[in-house]
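Colleague: Sharing a structure below in structure tokens format, with a few things to ask.
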Amino acid sequence: MAVNNLLGEHVEPVPFQRFEEVFRALASEKVDAAVIPIENTLHGSVHENYDHLLNFDLPIVGETHVRISHSLIAHPGVKFKQIRRVYSHPVALNQCLNFFAANPQLERATYYDTAGSVKMLMKEKLLDAAAIASSAAAEIYSAHIVKRNLEDDRGNFTRFFLLMRPGEQIAQKPTKEWKTTLVFTTRKRSRNAVPGVEYLRATRHQSGENRIAAATR
């Protein structure tokens, strides 16, 4: 969903198991762009990706917000009563605790990625398992949606960044204001560091510019 929001429908997603692999693939020109999660309304910032933004010269050229809606996805023909294991990323599993509490017969199995878990169960032709992922993942891998809207909190959103190599830009212009993201360090920890960030927020607000998401390290 985030990829389509930022780049349109005519793109080929290339999944990776680790965020660092995404950054390296873009830096080495193995892919043309990268979409990474940066913060979630329930789980906060993805601090690992702030680190990678410091270590790789890959500018942010776009952003989007996606409401997280989880579906139970299985191989075509599989019924809910046949399912014994459910694969997904640990965060996604933890966002569907009410569903698992109501269905104690289901075993939770962690996997590196939500969409990747759908790809795996389709490739392995697992008939006693399912995955928790977006409806888009079911469409991509020709899988079957058994149940929709498993998430505990319907107000769960994730903010994604679109990254490209220096000098490259997307064709479309933003339809609304984007946040300004600053990642910086201080020479040493002091009681003045946080007030300094608050002053930065205040001056940006008074000038009428975009909001600031600042990560202090």
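A note on labels: chains of the structure tokens are A, B, ... as shown, every chain counts residues from 1, and ligands are counted from 1 in their shown order.
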I'd like the contact shell of Val31 of chain A - 8 Å cut-off, only C-alpha atoms, skipping same-chain residues fewer than 5 positions apart - returned as a list in words.

Modeller: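 Final neighbour list, sorted by chain and number: Val14, Ala25 and Leu26 of chain A.
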
Colleague: Where does segment 17-97 of chain A meet segment 137-147 of chain A within 7 Å, residue by residue, with the nearest atom pair and distance in Å to one decimal for each, counting only C-alpha atoms, listed by chain and rising number, as CSV?

Modeller:
residue,atom,partner,partner_atom,distance
A:Ser71,CA,A:Lys147,CA,5.7
A:Leu72,CA,A:Lys147,CA,5.0
A:Ile73,CA,A:Ile145,CA,4.5
A:Ala74,CA,A:His144,CA,5.2
A:His75,CA,A:Ala143,CA,5.3
A:Pro76,CA,A:His144,CA,4.9
A:Phe80,CA,A:Val146,CA,6.6

Colleague: Write a file of the selected residues as a compact mmCIF listing (two decimals), in the first residue's frame, keeping all heavy atoms.

Modeller:
# COMPACT_ATOMS: atom_id res chain seq x y z
N SER A 71 -5.24 -8.60 7.66
CA SER A 71 -6.13 -9.67 7.20
C SER A 71 -5.50 -11.02 7.47
O SER A 71 -4.26 -11.15 7.51
CB SER A 71 -6.41 -9.53 5.70
OG SER A 71 -7.11 -8.34 5.42
N LEU A 72 -6.35 -12.01 7.68
CA LEU A 72 -5.88 -13.39 7.79
C LEU A 72 -5.91 -13.98 6.39
O LEU A 72 -6.97 -14.06 5.76
CB LEU A 72 -6.78 -14.18 8.74
CG LEU A 72 -6.32 -15.61 9.05
CD1 LEU A 72 -5.04 -15.59 9.88
CD2 LEU A 72 -7.41 -16.39 9.76
N ILE A 73 -4.75 -14.41 5.90
CA ILE A 73 -4.59 -14.79 4.50
C ILE A 73 -4.08 -16.23 4.42
O ILE A 73 -3.16 -16.62 5.16
CB ILE A 73 -3.60 -13.83 3.81
CG1 ILE A 73 -4.16 -12.40 3.88
CG2 ILE A 73 -3.35 -14.25 2.37
CD1 ILE A 73 -3.16 -11.34 3.45
N ALA A 74 -4.66 -17.00 3.53
CA ALA A 74 -4.28 -18.40 3.39
C ALA A 74 -4.25 -18.79 1.92
O ALA A 74 -4.60 -18.01 1.03
CB ALA A 74 -5.26 -19.29 4.16
N HIS A 75 -3.83 -20.04 1.69
CA HIS A 75 -3.82 -20.59 0.34
C HIS A 75 -5.27 -20.73 -0.14
O HIS A 75 -6.16 -21.04 0.65
CB HIS A 75 -3.14 -21.97 0.36
CG HIS A 75 -2.71 -22.44 -0.98
ND1 HIS A 75 -3.59 -23.02 -1.89
CD2 HIS A 75 -1.50 -22.44 -1.59
CE1 HIS A 75 -2.93 -23.34 -2.99
NE2 HIS A 75 -1.67 -23.00 -2.84
N PRO A 76 -5.56 -20.46 -1.42
CA PRO A 76 -6.94 -20.59 -1.92
C PRO A 76 -7.53 -21.96 -1.59
O PRO A 76 -6.88 -23.00 -1.76
CB PRO A 76 -6.78 -20.41 -3.43
CG PRO A 76 -5.58 -19.53 -3.57
CD PRO A 76 -4.65 -19.97 -2.47
N PHE A 80 -11.10 -21.55 7.49
CA PHE A 80 -10.60 -21.10 8.80
C PHE A 80 -10.41 -22.27 9.76
O PHE A 80 -9.42 -22.31 10.51
CB PHE A 80 -11.56 -20.08 9.39
CG PHE A 80 -11.13 -19.57 10.73
CD1 PHE A 80 -10.02 -18.75 10.86
CD2 PHE A 80 -11.83 -19.91 11.88
CE1 PHE A 80 -9.60 -18.28 12.09
CE2 PHE A 80 -11.42 -19.45 13.12
CZ PHE A 80 -10.31 -18.63 13.23

Colleague: Please list as a PDB file with N, CA, C and O atoms, in the first residue's frame every residue within 9 Å of Gln95 of chain A, counting only C-alpha atoms and excluding residues in the same chain fewer than 3 positions away.

Modeller:
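Done, and the output landed in part28.pdb:
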ATOM      1  N   HIS A  70      -5.056  -5.386   9.166  1.00  0.00           N
ATOM      2  CA  HIS A  70      -4.525  -6.746   9.030  1.00  0.00           C
ATOM      3  C   HIS A  70      -5.604  -7.731   8.592  1.00  0.00           C
ATOM      4  O   HIS A  70      -6.731  -7.707   9.105  1.00  0.00           O
ATOM      5  N   PRO A  90       6.485 -10.059  14.152  1.00  0.00           N
ATOM      6  CA  PRO A  90       6.085  -9.993  15.564  1.00  0.00           C
ATOM      7  C   PRO A  90       5.207  -8.794  15.903  1.00  0.00           C
ATOM      8  O   PRO A  90       4.275  -8.912  16.710  1.00  0.00           O
ATOM      9  N   VAL A  91       5.484  -7.629  15.307  1.00  0.00           N
ATOM     10  CA  VAL A  91       4.677  -6.446  15.596  1.00  0.00           C
ATOM     11  C   VAL A  91       3.236  -6.663  15.129  1.00  0.00           C
ATOM     12  O   VAL A  91       2.279  -6.321  15.837  1.00  0.00           O
ATOM     13  N   ALA A  92       3.073  -7.230  13.941  1.00  0.00           N
ATOM     14  CA  ALA A  92       1.723  -7.479  13.421  1.00  0.00           C
ATOM     15  C   ALA A  92       0.981  -8.482  14.298  1.00  0.00           C
ATOM     16  O   ALA A  92      -0.221  -8.322  14.570  1.00  0.00           O
ATOM     17  N   ASN A  98      -6.438  -9.540  20.406  1.00  0.00           N
ATOM     18  CA  ASN A  98      -7.839  -9.899  20.664  1.00  0.00           C
ATOM     19  C   ASN A  98      -8.282 -11.061  19.775  1.00  0.00           C
ATOM     20  O   ASN A  98      -9.035 -11.940  20.212  1.00  0.00           O
ATOM     21  N   LEU A 150      -8.384  -7.673  11.494  1.00  0.00           N
ATOM     22  CA  LEU A 150      -8.017  -8.383  12.721  1.00  0.00           C
ATOM     23  C   LEU A 150      -7.398  -7.462  13.771  1.00  0.00           C
ATOM     24  O   LEU A 150      -7.295  -7.844  14.931  1.00  0.00           O
ATOM     25  N   GLU A 151      -6.991  -6.268  13.371  1.00  0.00           N
ATOM     26  CA  GLU A 151      -6.232  -5.396  14.266  1.00  0.00           C
ATOM     27  C   GLU A 151      -7.065  -4.964  15.469  1.00  0.00           C
ATOM     28  O   GLU A 151      -8.281  -4.738  15.369  1.00  0.00           O
ATOM     29  N   ASP A 152      -6.404  -4.850  16.625  1.00  0.00           N
ATOM     30  CA  ASP A 152      -7.064  -4.412  17.854  1.00  0.00           C
ATOM     31  C   ASP A 152      -7.454  -2.942  17.795  1.00  0.00           C
ATOM     32  O   ASP A 152      -8.485  -2.542  18.338  1.00  0.00           O
ATOM     33  N   ASP A 153      -6.618  -2.121  17.175  1.00  0.00           N
ATOM     34  CA  ASP A 153      -6.813  -0.672  17.171  1.00  0.00           C
ATOM     35  C   ASP A 153      -6.977  -0.182  15.735  1.00  0.00           C
ATOM     36  O   ASP A 153      -6.051  -0.269  14.932  1.00  0.00           O
TER      37      ASP A 153
END

Colleague: Just to confirm, what's the straight-line distance from atom CA of Gly44 of chain A to atom CA of Arg108 of chain A in Å (one decimal)?

Modeller: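 Here the two named atoms are 23.2 Å from each other.
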
Colleague: Could you pull out all residues of segment 8-57 of chain A with a DSSP call of alpha helix (DSSP H) and give them as a PyMOL selection string?

Modeller: chain A and resi 19-27+47-55

Colleague: Hey, can you spit out that residue selection with C-alpha atoms as a short mmCIF file (atom, residue, chain, number, x, y, z; two decimals), in the first residue's frame?

Modeller:
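out.cif written:
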data_model
loop_
_atom_site.label_atom_id
_atom_site.label_comp_id
_atom_site.auth_asym_id
_atom_site.auth_seq_id
_atom_site.Cartn_x
_atom_site.Cartn_y
_atom_site.Cartn_z
CA PHE A 19 16.17 -2.79 6.80
CA GLU A 20 19.91 -2.44 6.24
CA GLU A 21 19.63 -4.60 3.13
CA VAL A 22 17.06 -2.15 1.75
CA PHE A 23 19.44 0.78 2.19
CA ARG A 24 22.36 -1.12 0.69
CA ALA A 25 20.31 -2.23 -2.31
CA LEU A 26 19.35 1.37 -3.08
CA ALA A 27 22.88 2.69 -2.53
CA HIS A 47 15.05 3.90 15.53
CA GLU A 48 17.07 1.51 13.37
CA ASN A 49 16.02 3.39 10.25
CA TYR A 50 17.04 6.73 11.77
CA ASP A 51 20.51 5.18 12.19
CA HIS A 52 20.54 4.06 8.57
CA LEU A 53 19.52 7.53 7.41
CA LEU A 54 22.66 8.82 9.14
CA ASN A 55 24.92 6.15 7.65
#

Colleague: For Gly116 of chain A, which residue among A:Asn4, A:Phe16, A:Arg154, A:Asn103 is the nearest when counting only C-alpha atoms?

Modeller: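 Smallest separation from Gly116 of chain A among the options: A:Phe16.
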